[in-house]
Amino acid sequence: MTHSSLIDMTTVGAGTKCPGGGTKIAVGLDNGDGTGIADDGILQTGEIDHTNYLCGVGPKRAFVTSTATQGNMGGLAGADARCQALANAANLPGVYKAWLSDSQASPLTRFTHSTLPYIRVDGSQIAADWASLIGSSHSGGISSDEFGTYLSTISIWTGTNDNGSAASTCNNWTSNDSMLNGTFGGSTYSSAWSNTGTHPCDFGTNMYCFEQ
């Protein structure tokens with residue numbers, strides 16, 4: 001038997017999924033799953049197959065990746081794709097890029113410079129805007145992953161100075177060579193958060209991802 005596909009759209013206030021508020025879009029079949037009643041024209045909780053969010057303009061999220069990688073990330077494009085995939089898996093709307101530099105580009109040139117606050121996924125503010133983010137220090141560390149789970153102090157691949165300019169980059173993030181180095185930052189720091197030191201490129205650690 002063929003069941004109708006239903007869409008349920010509800011307005012949501014500011015929260016983890018939409019810092020500035022927006023619309024929750026639930027999609028599913030009217031097939032009676034869970035406690036639903038088949039073919040009653042109402043999308044019940046058990047019948048929902050996918051949930052997406054259409055967010056209004058609001059603060060920009062940033063997170064630490066929940067998994068680590070060595071220096072070879074497939075370049076900036078590979079790292080950006082990794083950030084986007086993790087954001088998608090956590091149902092975070094928006095476009096995400098890795099806080100990384102190479103010999104041709106850095107966050108200064110490839111990021112949107114937001115005039116709105118930057119926040120962690122758990123809602124805590126990191127910086128009031130782009131100028132504050134790359135200033136001498138900002139409000140708090142980027143210390144939670146894409147699900148909002150707090151991570152204890154860990155080093156984060158950045159290849160980038162605190163002011164957004166390029167630093168050491170593991171051959172543009174294409175090498176796991178232990179004789180090469182990449183710059184890392186500290187996830188719980190409000191200063192030296194992007195440039196704390198360097199690791200050999202065969203070291204496995206995490207990245208920062210920023211919504212654009």
# chains A, B, ... in the order shown; residues from 1 in each chain; ligands from 1

$ residues_around --residues "A:Leu180" --least-positions-apart "6" --cutoff "10 Å" --atoms "only C-alpha atoms" --output "list in words"
Gly71, Ser168, Thr169, Cys170, Asn171, Thr198, His199, Pro200, Cys201 and Asp202 of chain A

$ write_last_selection --atoms "N, CA and C atoms" --output "PDB file, in the first residue's frame"
ATOM      1  N   GLY A  71      48.031  15.133   9.331  1.00  0.00           N
ATOM      2  CA  GLY A  71      48.202  16.349   8.541  1.00  0.00           C
ATOM      3  C   GLY A  71      47.691  16.277   7.116  1.00  0.00           C
ATOM      4  N   SER A 168      52.375  27.315   9.887  1.00  0.00           N
ATOM      5  CA  SER A 168      52.874  26.052   9.320  1.00  0.00           C
ATOM      6  C   SER A 168      51.709  25.140   8.949  1.00  0.00           C
ATOM      7  N   THR A 169      51.816  24.469   7.755  1.00  0.00           N
ATOM      8  CA  THR A 169      50.618  23.834   7.201  1.00  0.00           C
ATOM      9  C   THR A 169      50.773  22.396   6.700  1.00  0.00           C
ATOM     10  N   CYS A 170      51.780  21.642   7.162  1.00  0.00           N
ATOM     11  CA  CYS A 170      51.933  20.242   6.715  1.00  0.00           C
ATOM     12  C   CYS A 170      51.856  20.125   5.189  1.00  0.00           C
ATOM     13  N   ASN A 171      52.679  20.952   4.515  1.00  0.00           N
ATOM     14  CA  ASN A 171      52.687  20.973   3.049  1.00  0.00           C
ATOM     15  C   ASN A 171      51.273  21.172   2.502  1.00  0.00           C
ATOM     16  N   THR A 198      53.683  23.740  17.373  1.00  0.00           N
ATOM     17  CA  THR A 198      53.602  22.885  16.188  1.00  0.00           C
ATOM     18  C   THR A 198      53.695  21.421  16.583  1.00  0.00           C
ATOM     19  N   HIS A 199      53.065  20.573  15.769  1.00  0.00           N
ATOM     20  CA  HIS A 199      53.161  19.119  15.881  1.00  0.00           C
ATOM     21  C   HIS A 199      53.772  18.565  14.596  1.00  0.00           C
ATOM     22  N   PRO A 200      54.460  17.424  14.666  1.00  0.00           N
ATOM     23  CA  PRO A 200      54.818  16.712  13.433  1.00  0.00           C
ATOM     24  C   PRO A 200      53.540  16.327  12.687  1.00  0.00           C
ATOM     25  N   CYS A 201      53.620  16.258  11.388  1.00  0.00           N
ATOM     26  CA  CYS A 201      52.410  16.060  10.581  1.00  0.00           C
ATOM     27  C   CYS A 201      51.825  14.653  10.665  1.00  0.00           C
ATOM     28  N   ASP A 202      52.556  13.711  11.289  1.00  0.00           N
ATOM     29  CA  ASP A 202      51.978  12.379  11.499  1.00  0.00           C
ATOM     30  C   ASP A 202      51.182  12.310  12.793  1.00  0.00           C
TER      31      ASP A 202
END

$ residues_around --residues "A:Thr69" --least-positions-apart "3" --cutoff "12 Å" --atoms "only C-alpha atoms" --output "MDAnalysis selection string"
chainID A and resid 65:66 72:74 78:79 82:83 155:157 173:176 201:208

$ write_last_selection --atoms "N, CA and C atoms" --output "PDB file, in the first residue's frame"
ATOM      1  N   THR A  65      36.022  19.281  15.709  1.00  0.00           N
ATOM      2  CA  THR A  65      35.608  17.993  15.151  1.00  0.00           C
ATOM      3  C   THR A  65      35.682  16.906  16.225  1.00  0.00           C
ATOM      4  N   SER A  66      34.736  16.006  16.204  1.00  0.00           N
ATOM      5  CA  SER A  66      34.682  14.937  17.205  1.00  0.00           C
ATOM      6  C   SER A  66      35.710  13.853  16.932  1.00  0.00           C
ATOM      7  N   ASN A  72      47.621  15.084   6.533  1.00  0.00           N
ATOM      8  CA  ASN A  72      47.109  14.957   5.171  1.00  0.00           C
ATOM      9  C   ASN A  72      45.586  14.894   5.207  1.00  0.00           C
ATOM     10  N   MET A  73      44.957  16.011   4.914  1.00  0.00           N
ATOM     11  CA  MET A  73      43.493  16.098   4.916  1.00  0.00           C
ATOM     12  C   MET A  73      42.930  16.266   3.509  1.00  0.00           C
ATOM     13  N   GLY A  74      43.801  16.125   2.501  1.00  0.00           N
ATOM     14  CA  GLY A  74      43.345  16.392   1.145  1.00  0.00           C
ATOM     15  C   GLY A  74      43.280  17.868   0.851  1.00  0.00           C
ATOM     16  N   GLY A  78      39.540  19.227   1.107  1.00  0.00           N
ATOM     17  CA  GLY A  78      39.220  18.018   1.850  1.00  0.00           C
ATOM     18  C   GLY A  78      38.837  18.312   3.278  1.00  0.00           C
ATOM     19  N   ALA A  79      39.526  19.256   3.906  1.00  0.00           N
ATOM     20  CA  ALA A  79      39.209  19.630   5.283  1.00  0.00           C
ATOM     21  C   ALA A  79      37.841  20.297   5.371  1.00  0.00           C
ATOM     22  N   ARG A  82      35.184  17.741   5.161  1.00  0.00           N
ATOM     23  CA  ARG A  82      35.084  17.015   6.428  1.00  0.00           C
ATOM     24  C   ARG A  82      34.225  17.795   7.426  1.00  0.00           C
ATOM     25  N   CYS A  83      34.467  19.104   7.525  1.00  0.00           N
ATOM     26  CA  CYS A  83      33.652  19.935   8.413  1.00  0.00           C
ATOM     27  C   CYS A  83      32.178  19.893   8.022  1.00  0.00           C
ATOM     28  N   SER A 155      44.837  19.690  21.540  1.00  0.00           N
ATOM     29  CA  SER A 155      45.440  20.542  20.512  1.00  0.00           C
ATOM     30  C   SER A 155      44.671  20.376  19.208  1.00  0.00           C
ATOM     31  N   ILE A 156      44.577  21.457  18.463  1.00  0.00           N
ATOM     32  CA  ILE A 156      43.738  21.524  17.262  1.00  0.00           C
ATOM     33  C   ILE A 156      44.582  21.983  16.079  1.00  0.00           C
ATOM     34  N   TRP A 157      44.565  21.199  14.985  1.00  0.00           N
ATOM     35  CA  TRP A 157      45.249  21.660  13.767  1.00  0.00           C
ATOM     36  C   TRP A 157      44.648  22.992  13.317  1.00  0.00           C
ATOM     37  N   TRP A 173      48.494  20.815   4.000  1.00  0.00           N
ATOM     38  CA  TRP A 173      47.588  19.766   4.486  1.00  0.00           C
ATOM     39  C   TRP A 173      47.476  18.603   3.508  1.00  0.00           C
ATOM     40  N   THR A 174      48.649  18.231   2.967  1.00  0.00           N
ATOM     41  CA  THR A 174      48.705  17.060   2.078  1.00  0.00           C
ATOM     42  C   THR A 174      49.747  16.049   2.543  1.00  0.00           C
ATOM     43  N   SER A 175      50.308  16.220   3.748  1.00  0.00           N
ATOM     44  CA  SER A 175      51.412  15.355   4.168  1.00  0.00           C
ATOM     45  C   SER A 175      51.248  14.865   5.603  1.00  0.00           C
ATOM     46  N   ASN A 176      51.592  13.587   5.803  1.00  0.00           N
ATOM     47  CA  ASN A 176      51.703  12.997   7.134  1.00  0.00           C
ATOM     48  C   ASN A 176      53.162  12.768   7.528  1.00  0.00           C
ATOM     49  N   CYS A 201      53.620  16.258  11.388  1.00  0.00           N
ATOM     50  CA  CYS A 201      52.410  16.060  10.581  1.00  0.00           C
ATOM     51  C   CYS A 201      51.825  14.653  10.665  1.00  0.00           C
ATOM     52  N   ASP A 202      52.556  13.711  11.289  1.00  0.00           N
ATOM     53  CA  ASP A 202      51.978  12.379  11.499  1.00  0.00           C
ATOM     54  C   ASP A 202      51.182  12.310  12.793  1.00  0.00           C
ATOM     55  N   PHE A 203      51.098  13.445  13.511  1.00  0.00           N
ATOM     56  CA  PHE A 203      50.319  13.516  14.743  1.00  0.00           C
ATOM     57  C   PHE A 203      48.841  13.556  14.390  1.00  0.00           C
ATOM     58  N   GLY A 204      48.022  12.875  15.147  1.00  0.00           N
ATOM     59  CA  GLY A 204      46.584  12.865  14.895  1.00  0.00           C
ATOM     60  C   GLY A 204      45.848  13.760  15.873  1.00  0.00           C
ATOM     61  N   THR A 205      45.175  14.773  15.371  1.00  0.00           N
ATOM     62  CA  THR A 205      44.378  15.632  16.247  1.00  0.00           C
ATOM     63  C   THR A 205      43.193  16.216  15.470  1.00  0.00           C
ATOM     64  N   ASN A 206      42.474  17.117  16.101  1.00  0.00           N
ATOM     65  CA  ASN A 206      41.184  17.570  15.587  1.00  0.00           C
ATOM     66  C   ASN A 206      41.309  18.906  14.851  1.00  0.00           C
ATOM     67  N   MET A 207      40.179  19.433  14.376  1.00  0.00           N
ATOM     68  CA  MET A 207      40.144  20.714  13.662  1.00  0.00           C
ATOM     69  C   MET A 207      39.028  21.573  14.237  1.00  0.00           C
ATOM     70  N   TYR A 208      39.107  22.862  13.972  1.00  0.00           N
ATOM     71  CA  TYR A 208      37.994  23.782  14.199  1.00  0.00           C
ATOM     72  C   TYR A 208      37.184  23.900  12.902  1.00  0.00           C
TER      73      TYR A 208
END

$ closest_atom_pairs --of "stretch 8-93 of chain A" --to "stretch 127-133 of chain A" --cutoff "12 Å" --atoms "only C-alpha atoms" --output "CSV"
residue,atom,partner,partner_atom,distance
A:Gly58,CA,A:Asp129,CA,11.6
A:Pro59,CA,A:Asp129,CA,8.9
A:Lys60,CA,A:Asp129,CA,9.1
A:Arg61,CA,A:Ala127,CA,10.6
A:Ala62,CA,A:Ala127,CA,10.5

$ atom_distance --atom1 "atom CA of A:Asp102" --atom2 "atom CA of A:Glu146"
23.9 Å

$ closest_residue --among "A:Gly46, A:Gly140, A:Pro117, A:Gly94" --to "A:Val27" --atoms "only C-alpha atoms"
A:Gly46

$ atom_distance --atom1 "atom CA of A:Cys209" --atom2 "atom CA of A:Asp177"
23.7 Å

$ atom_distance --atom1 "atom CA of A:Thr67" --atom2 "atom CA of A:Ala26"
28.5 Å

$ residues_around --residues "A:Asn163" --least-positions-apart "6" --cutoff "8 Å" --atoms "only C-alpha atoms" --output "list in words"
Ile134, Gly135 and Ser136 of chain A

$ write_last_selection --atoms "N, CA and C atoms" --output "PDB file, in the first residue's frame"
ATOM      1  N   ILE A 134      39.493  37.455  16.006  1.00  0.00           N
ATOM      2  CA  ILE A 134      40.920  37.505  15.643  1.00  0.00           C
ATOM      3  C   ILE A 134      41.682  38.550  16.450  1.00  0.00           C
ATOM      4  N   GLY A 135      41.041  39.077  17.493  1.00  0.00           N
ATOM      5  CA  GLY A 135      41.710  40.038  18.355  1.00  0.00           C
ATOM      6  C   GLY A 135      42.682  39.346  19.299  1.00  0.00           C
ATOM      7  N   SER A 136      43.170  40.082  20.279  1.00  0.00           N
ATOM      8  CA  SER A 136      44.181  39.542  21.192  1.00  0.00           C
ATOM      9  C   SER A 136      43.630  38.377  22.017  1.00  0.00           C
TER      10      SER A 136
END

$ residues_around --residues "A:Leu43" --least-positions-apart "2" --cutoff "10 Å" --atoms "only C-alpha atoms" --output "VMD selection string"
chain A and resid 5 to 8 26 to 33 36 to 41 45 to 48

$ select_by_dssp --residues "stretch 17-197 of chain A" --states "alpha helix (DSSP H)" --output "VMD selection string"
chain A and resid 75 to 89 107 to 110 130 to 133 170 to 173

$ closest_residue --among "A:Leu116, A:Met9, A:Ala68, A:Leu100" --to "A:Thr23" --atoms "only C-alpha atoms"
A:Met9

$ residues_around --residues "A:Phe111" --least-positions-apart "6" --cutoff "10 Å" --atoms "only C-alpha atoms" --output "list in words"
Tyr96, Lys97, Ala98, Trp99, Ala105, Trp130, Gly164, Phe210, Glu211 and Gln212 of chain A

$ residues_around --residues "A:Asn195" --least-positions-apart "2" --cutoff "6 Å" --atoms "only C-alpha atoms" --output "VMD selection string"
chain A and resid 161 to 162 184 to 185 192 to 193 197

$ closest_residue --among "A:Asn91, A:Ile142, A:Ala14, A:Asn172" --to "A:Leu76" --atoms "only C-alpha atoms"
A:Asn172

$ closest_residue --among "A:Ser139, A:Asn181, A:Ser124, A:Ser152" --to "A:Thr16" --atoms "only C-alpha atoms"
A:Ser124
